[in-house]
Amino acid sequence: MGKPFAKELEKLSDTVIWSLGQETDALRKALINNKKPLIIVGSGGSLSACYFVALLYQQFGMMAKAVTPLELHYSQQILRESNVLFISASGRNNDIIFAYKTAVSCEPNAIISVSMKNDTPLGDLANTICNSAHFSFELPTGGDGFLATNSLVAFFGVVAKALSLDKFEYGFQDEIPTFKRYLPDFIKRIDQNYTFMVLHAGWGQPVAYDLESKLAEAALGDILVSDYRNFGHGRHHWLDKRGANACIIALITPQEKQIALKTFGFLPVEVPILFIESEKNGPAASLELLIKSFLFVEQLGRMQGIDPGRPGVPGYGSDLYHLNYQKLYLTSKKKYEQRKEIAIVRKSKSSVFHDLSKKSQEYWSTAYDEFLSNLEKAKFGSVIFDYDGTLSSAKNRFTGLDAEVVPYLVNLLSKGFILGIATGRGKSVKKALQDAIPELYWSQVLVGYYNCSEIALLGDINTPNKSLALNVKLEEIYNVLLDYKFSVEVKFDFKPSQLTIQIQDPMEWPMVRNSIIQLIMLKGLPHVQILESSHSMDIIDQGITNKLNIKSHCQALAQEKNIEKDCLFIGDKGQWPGNDYQLLSEKYSLSVDEVSTLTKNCWNLAMPGVRNIDATTYYLSCFTFKDNFLKFKLK
């Protein structure tokens with residue numbers, strides 16, 4: 001089993017060059033698109049890469065934590081408000097699949113995964129989750145031997161390129177031969193009975209944990225890991241009592257050189273110390289230290305007659321690796337129980353269902369039952385949708401409706417019912433709807449443009465009308481914002497009854513958002529309302545603009561067609577200042593994403609991990625049609 005470790009090391013330089021040549025812009029955007037804590041999950045050798053990603057991510061001022069798959073299970077309370085990143089070379093071991101399913105059940109803000117192989121079970125699983133992003137890289141060297149080598153170096157290179165604050169450059173090849181010449185002198189001073197005390201700080205931390213992994217997995221020696229100062233809090237006592245068979249591996253970059261030298265100045269001179277150093281700072285130092293540590297592991301294996309790439313695995317070891325323990329932790333609940341619990345978690349803003357007190361569980365359970373009962377008893381003649389995030393995903397924002405929802409909408413119209421669209425957009429939505437829906441049904445489609453300040457049938461050639469007079473209040477706000485000097489470029493799109501504000505870099509949005517709100521609120525203008533999506537803002541005059549304006553139009557059209565007047569509302573941003581909070585304030589309203597905390601409306605009834613377009617198509621599949629009404633029944 002495995003590959004010769006020395007042969008693996010021969011490919012490292014090519015692997016570094018290959019990894020830095022990969023396209024990583026999409027990975028970078030997925031990771032830092034919003035300022036959320038990041039949980040990085042990996043097992044075995046991949047855990048070292050998790051520690052490296054944590055350091056990179058924290059450069060952006062955001063918290064990050066590396067965990068094993070089992071640790072993730074015991075960290076479920078922090079997942080809903082976090083992003084979760086999975087790192088797995090092969091994307092197929094039981095642990096990473098178990099952890100991924102655990103994360104999905106907790107609905108984190110985003111789930112991202114990276115593997116060094118195409119067509120993996122992890123990638124297949126990620127493709128079934130709508131808020132996930134999977135990135136696969138086909139490593140030219142293929143799979144590793146027993147220990148993570150080229151795949152780990154590839155992870156370091158790829159994520160360093162993606163998340164380095166400055167351009168990442170590889171330039172330490174010339175220092176490797178010097179380290180190789182120095183290494184045998186240290187090896188001669190130790191034997192196979194030595195305990196290795198690995199000291200680190202900063203960018204040496206991921207390499208310290210990787211040394212622990214490699215020495216333990218290949219049975220090359222006892223190993224203790226500590227940072228330079230924690231070593232001073234009792235760890236040094238090992239040298240006093242067992243110093244005859246102990247040595248130090250010192251991971252050093254320029255940032256910790258002084259503290260390392262001062263620390264070693266207090267130690268007995270006979271303690272063997274291996275200096276694994278880099279003259280670089282930042283992530284490049286980690287990569288250099290990692291490769292040098294591999295050389296140490298290879299020499300240590302030679303000294304003991306163990307090839308780290310194929311040390312031999314006992315039968316019980318293979319059994320332990322392949323242990324299928326998911327059923328011990330992932331309880332198999334009935335579908336309706338899963339749906340009810342996740343719906344309550346979304347509504348109550350709790351982390352997990354069992355965190356709620358018994359009284360709260362009963363309160364929300366009663367509210368859920370009452371809402372669902374009322375919803376399934378109701379008879380509807382119209383269904384009114386938000387557009388972006390509900391009928392059109394972010395990837396199709398500029399191309400139209402998502403293909404999977406169109407047949408459902410056309411079927412609804414073919415049965416004689418009314419389709420309402422309440423959107424903050426204008427002509428682009430009109431074109432998208434006309435392209436997707438046969439002209440035969442345009443007389444059944446009502447569109448509320450610019451947050452329903454203009455409402456007309458889909459075939460109306462006069463709407464939306466941007467030549468109408470500008471709203472005086474919004475014009476006053478527009479002039480104030482236009483005069484203000486923001487830290488980044490801010491784009492304004494001023495329609496007659498709506499001011500839309502956007503920026504290019506989502507990382508800058510929180511600061512710009514706060515400034516915009518402050519400037520608007522200082523004006524003290526009555527009825528001015530701020531509505532938000534992820535990285536943009538609509539300013540409206542609520543005296544004349546409200547997404548619920550479309551309701552009476554749909555009811556009037558339903559009366560003309562002699563069908564039920566009640567409307568079902570479906571959107572994605574139901575909590576103020578989300579731009580659907582008014583639309584989803586109605587009794588019969590469903591969210592495909594964010595919900596309000598009100599008990600009688602705006603519930604999200606989709607299964608865990610199902611959001612946006614996938615949730616919309618699920619709701620549409622729950623319709624049953626009668627002669628003059630349609631009903632909603634959960635499947």
# chains A, B, ... in the order shown; residues from 1 in each chain; ligands from 1
>>> residues_around(residues="Ile563 in chain A", least_positions_apart="6", cutoff="9 Å", atoms="only C-alpha atoms", output="list in words")
Phe380, Gly381, Ser382, Gly416, Phe417, Leu557, Asp627, Asn628 and Phe629 of chain A
>>> residues_around(residues="range 252-259 of chain A", least_positions_apart="2", cutoff="7 Å", atoms="only C-alpha atoms", output="VMD selection string")
chain A and resid 200 to 201 204 250 261 to 263 276 to 281 285
>>> write_last_selection(atoms="C-alpha atoms", output="tab-separated table (two decimals), in the first residue's frame")
chain	number	residue	atom	x	y	z
A	200	HIS	CA	6.00	27.05	16.35
A	201	ALA	CA	4.19	30.38	16.02
A	204	GLY	CA	4.65	27.75	11.28
A	250	ALA	CA	12.01	24.68	15.69
A	261	LEU	CA	16.52	32.36	20.02
A	262	LYS	CA	15.69	33.79	23.45
A	263	THR	CA	13.76	30.62	24.31
A	276	ILE	CA	13.46	24.52	9.95
A	277	GLU	CA	13.60	28.13	8.83
A	278	SER	CA	12.26	30.45	6.17
A	279	GLU	CA	13.44	33.96	5.43
A	280	LYS	CA	10.02	34.75	3.98
A	281	ASN	CA	6.97	36.14	5.74
A	285	ALA	CA	6.89	30.85	4.63
>>> residues_around(residues="Ser113 in chain A", least_positions_apart="4", cutoff="8 Å", atoms="only C-alpha atoms", output="JSON, numbers by chain")
{"A": [85, 86, 87, 88, 122, 123, 126, 132, 133, 134, 135]}
>>> write_last_selection(atoms="all heavy atoms", output="mmCIF file, in the first residue's frame")
data_model
loop_
_atom_site.group_PDB
_atom_site.id
_atom_site.type_symbol
_atom_site.label_atom_id
_atom_site.label_comp_id
_atom_site.auth_asym_id
_atom_site.auth_seq_id
_atom_site.Cartn_x
_atom_site.Cartn_y
_atom_site.Cartn_z
ATOM 1 N N LEU A 85 -16.099 25.288 5.195
ATOM 2 C CA LEU A 85 -15.248 24.849 4.093
ATOM 3 C C LEU A 85 -14.758 23.432 4.365
ATOM 4 O O LEU A 85 -14.252 23.146 5.452
ATOM 5 C CB LEU A 85 -14.042 25.790 3.947
ATOM 6 C CG LEU A 85 -12.922 25.348 2.992
ATOM 7 C CD1 LEU A 85 -13.421 25.269 1.554
ATOM 8 C CD2 LEU A 85 -11.721 26.285 3.101
ATOM 9 N N PHE A 86 -14.912 22.559 3.376
ATOM 10 C CA PHE A 86 -14.432 21.185 3.482
ATOM 11 C C PHE A 86 -13.224 20.998 2.567
ATOM 12 O O PHE A 86 -13.276 21.381 1.388
ATOM 13 C CB PHE A 86 -15.541 20.198 3.086
ATOM 14 C CG PHE A 86 -16.693 20.186 4.038
ATOM 15 C CD1 PHE A 86 -17.739 21.088 3.893
ATOM 16 C CD2 PHE A 86 -16.718 19.311 5.102
ATOM 17 C CE1 PHE A 86 -18.798 21.102 4.780
ATOM 18 C CE2 PHE A 86 -17.773 19.311 6.008
ATOM 19 C CZ PHE A 86 -18.810 20.210 5.841
ATOM 20 N N ILE A 87 -12.170 20.411 3.122
ATOM 21 C CA ILE A 87 -10.954 20.150 2.361
ATOM 22 C C ILE A 87 -10.693 18.649 2.375
ATOM 23 O O ILE A 87 -10.550 18.037 3.441
ATOM 24 C CB ILE A 87 -9.756 20.915 2.961
ATOM 25 C CG1 ILE A 87 -9.941 22.416 2.721
ATOM 26 C CG2 ILE A 87 -8.442 20.428 2.373
ATOM 27 C CD1 ILE A 87 -8.823 23.272 3.269
ATOM 28 N N SER A 88 -10.650 18.048 1.194
ATOM 29 C CA SER A 88 -10.428 16.610 1.101
ATOM 30 C C SER A 88 -9.739 16.302 -0.214
ATOM 31 O O SER A 88 -10.240 16.668 -1.282
ATOM 32 C CB SER A 88 -11.761 15.857 1.175
ATOM 33 O OG SER A 88 -11.581 14.474 0.945
ATOM 34 N N LEU A 122 -17.845 13.674 -2.787
ATOM 35 C CA LEU A 122 -18.041 14.976 -2.154
ATOM 36 C C LEU A 122 -18.592 15.985 -3.155
ATOM 37 O O LEU A 122 -19.528 16.743 -2.849
ATOM 38 C CB LEU A 122 -16.718 15.481 -1.572
ATOM 39 C CG LEU A 122 -16.753 16.856 -0.897
ATOM 40 C CD1 LEU A 122 -17.692 16.849 0.295
ATOM 41 C CD2 LEU A 122 -15.349 17.285 -0.462
ATOM 42 N N GLY A 123 -18.019 15.998 -4.354
ATOM 43 C CA GLY A 123 -18.514 16.902 -5.386
ATOM 44 C C GLY A 123 -19.941 16.577 -5.792
ATOM 45 O O GLY A 123 -20.769 17.478 -5.990
ATOM 46 N N ALA A 126 -22.189 17.843 -3.086
ATOM 47 C CA ALA A 126 -22.260 19.311 -3.116
ATOM 48 C C ALA A 126 -23.185 19.804 -4.218
ATOM 49 O O ALA A 126 -23.882 20.817 -4.053
ATOM 50 C CB ALA A 126 -20.861 19.893 -3.301
ATOM 51 N N SER A 132 -24.255 25.692 -2.023
ATOM 52 C CA SER A 132 -22.899 25.135 -1.967
ATOM 53 C C SER A 132 -22.079 25.578 -3.174
ATOM 54 O O SER A 132 -22.631 25.953 -4.211
ATOM 55 C CB SER A 132 -22.955 23.608 -1.925
ATOM 56 O OG SER A 132 -23.402 23.102 -3.159
ATOM 57 N N ALA A 133 -20.777 25.511 -3.003
ATOM 58 C CA ALA A 133 -19.853 25.755 -4.117
ATOM 59 C C ALA A 133 -18.734 24.734 -3.994
ATOM 60 O O ALA A 133 -18.068 24.662 -2.957
ATOM 61 C CB ALA A 133 -19.290 27.176 -4.053
ATOM 62 N N HIS A 134 -18.555 23.924 -5.024
ATOM 63 C CA HIS A 134 -17.513 22.901 -4.995
ATOM 64 C C HIS A 134 -16.438 23.231 -6.012
ATOM 65 O O HIS A 134 -16.744 23.590 -7.155
ATOM 66 C CB HIS A 134 -18.096 21.518 -5.288
ATOM 67 C CG HIS A 134 -17.066 20.429 -5.246
ATOM 68 N ND1 HIS A 134 -16.494 19.990 -4.066
ATOM 69 C CD2 HIS A 134 -16.477 19.703 -6.243
ATOM 70 C CE1 HIS A 134 -15.623 19.042 -4.329
ATOM 71 N NE2 HIS A 134 -15.576 18.842 -5.634
ATOM 72 N N PHE A 135 -15.176 23.102 -5.606
ATOM 73 C CA PHE A 135 -14.045 23.376 -6.481
ATOM 74 C C PHE A 135 -13.154 22.140 -6.525
ATOM 75 O O PHE A 135 -12.662 21.687 -5.490
ATOM 76 C CB PHE A 135 -13.248 24.579 -5.963
ATOM 77 C CG PHE A 135 -14.059 25.840 -5.872
ATOM 78 C CD1 PHE A 135 -14.772 26.133 -4.716
ATOM 79 C CD2 PHE A 135 -14.147 26.700 -6.954
ATOM 80 C CE1 PHE A 135 -15.540 27.280 -4.633
ATOM 81 C CE2 PHE A 135 -14.910 27.854 -6.881
ATOM 82 C CZ PHE A 135 -15.609 28.143 -5.719
#
>>> residues_around(residues="range 338-355 of chain A", least_positions_apart="3", cutoff="8 Å", atoms="only C-alpha atoms", output="NGL selection string")
:A and (76-80 or 106 or 333-335 or 361 or 364-365 or 368 or 594-599 or 603-608)
>>> select_by_dssp(residues="range 234-476 of chain A", states="strand (DSSP E)", output="ChimeraX atom specification")
/A:246-252,273-277,382-386,418-422,445-449,454-457
>>> write_last_selection(atoms="C-alpha atoms", output="PDB file, in the first residue's frame")
ATOM      1  CA  ALA A 246      14.128  14.482  23.655  1.00  0.00           C
ATOM      2  CA  CYS A 247      14.858  16.967  20.909  1.00  0.00           C
ATOM      3  CA  ILE A 248      13.310  20.106  19.480  1.00  0.00           C
ATOM      4  CA  ILE A 249      12.063  20.893  16.002  1.00  0.00           C
ATOM      5  CA  ALA A 250      12.009  24.682  15.689  1.00  0.00           C
ATOM      6  CA  LEU A 251       9.808  26.195  12.988  1.00  0.00           C
ATOM      7  CA  ILE A 252      11.017  29.734  12.411  1.00  0.00           C
ATOM      8  CA  ILE A 273      17.560  21.315  17.909  1.00  0.00           C
ATOM      9  CA  LEU A 274      16.587  21.147  14.247  1.00  0.00           C
ATOM     10  CA  PHE A 275      15.999  24.601  12.795  1.00  0.00           C
ATOM     11  CA  ILE A 276      13.464  24.520   9.946  1.00  0.00           C
ATOM     12  CA  GLU A 277      13.596  28.135   8.828  1.00  0.00           C
ATOM     13  CA  SER A 382     -53.306  33.809  -7.705  1.00  0.00           C
ATOM     14  CA  VAL A 383     -49.683  33.125  -6.797  1.00  0.00           C
ATOM     15  CA  ILE A 384     -47.477  36.197  -6.373  1.00  0.00           C
ATOM     16  CA  PHE A 385     -43.694  35.813  -6.542  1.00  0.00           C
ATOM     17  CA  ASP A 386     -40.679  37.914  -5.848  1.00  0.00           C
ATOM     18  CA  ILE A 418     -53.115  34.335 -12.102  1.00  0.00           C
ATOM     19  CA  LEU A 419     -49.365  34.853 -11.836  1.00  0.00           C
ATOM     20  CA  GLY A 420     -48.099  37.980 -10.077  1.00  0.00           C
ATOM     21  CA  ILE A 421     -44.475  39.193 -10.078  1.00  0.00           C
ATOM     22  CA  ALA A 422     -43.365  41.822  -7.543  1.00  0.00           C
ATOM     23  CA  VAL A 445     -49.513  37.728 -15.708  1.00  0.00           C
ATOM     24  CA  LEU A 446     -49.384  40.925 -13.646  1.00  0.00           C
ATOM     25  CA  VAL A 447     -45.985  42.533 -13.081  1.00  0.00           C
ATOM     26  CA  GLY A 448     -45.234  45.062 -10.352  1.00  0.00           C
ATOM     27  CA  TYR A 449     -42.143  46.955 -11.541  1.00  0.00           C
ATOM     28  CA  GLU A 454     -46.020  50.536 -11.602  1.00  0.00           C
ATOM     29  CA  ILE A 455     -48.263  47.517 -12.167  1.00  0.00           C
ATOM     30  CA  ALA A 456     -49.455  46.203 -15.506  1.00  0.00           C
ATOM     31  CA  LEU A 457     -50.174  43.064 -17.487  1.00  0.00           C
TER      32      LEU A 457
END
>>> residues_around(residues="Leu70 in chain A", least_positions_apart="4", cutoff="8 Å", atoms="only C-alpha atoms", output="MDAnalysis selection string")
chainID A and resid 74 95 99
>>> closest_residue(among="A:Phe371, A:Phe231, A:Phe168, A:Phe155", to="Glu586 in chain A", atoms="only C-alpha atoms")
A:Phe371
>>> select_by_dssp(residues="range 56-298 of chain A", states="helix (DSSP H, G or I)", output="ChimeraX atom specification")
/A:56-58,69-73,76-78,94-106,121-126,150-163,173-188,202-217,228-235,237-245,254-265,283-298
>>> residues_around(residues="Val429 in chain A", least_positions_apart="6", cutoff="12 Å", atoms="only C-alpha atoms", output="count of residues only")
25
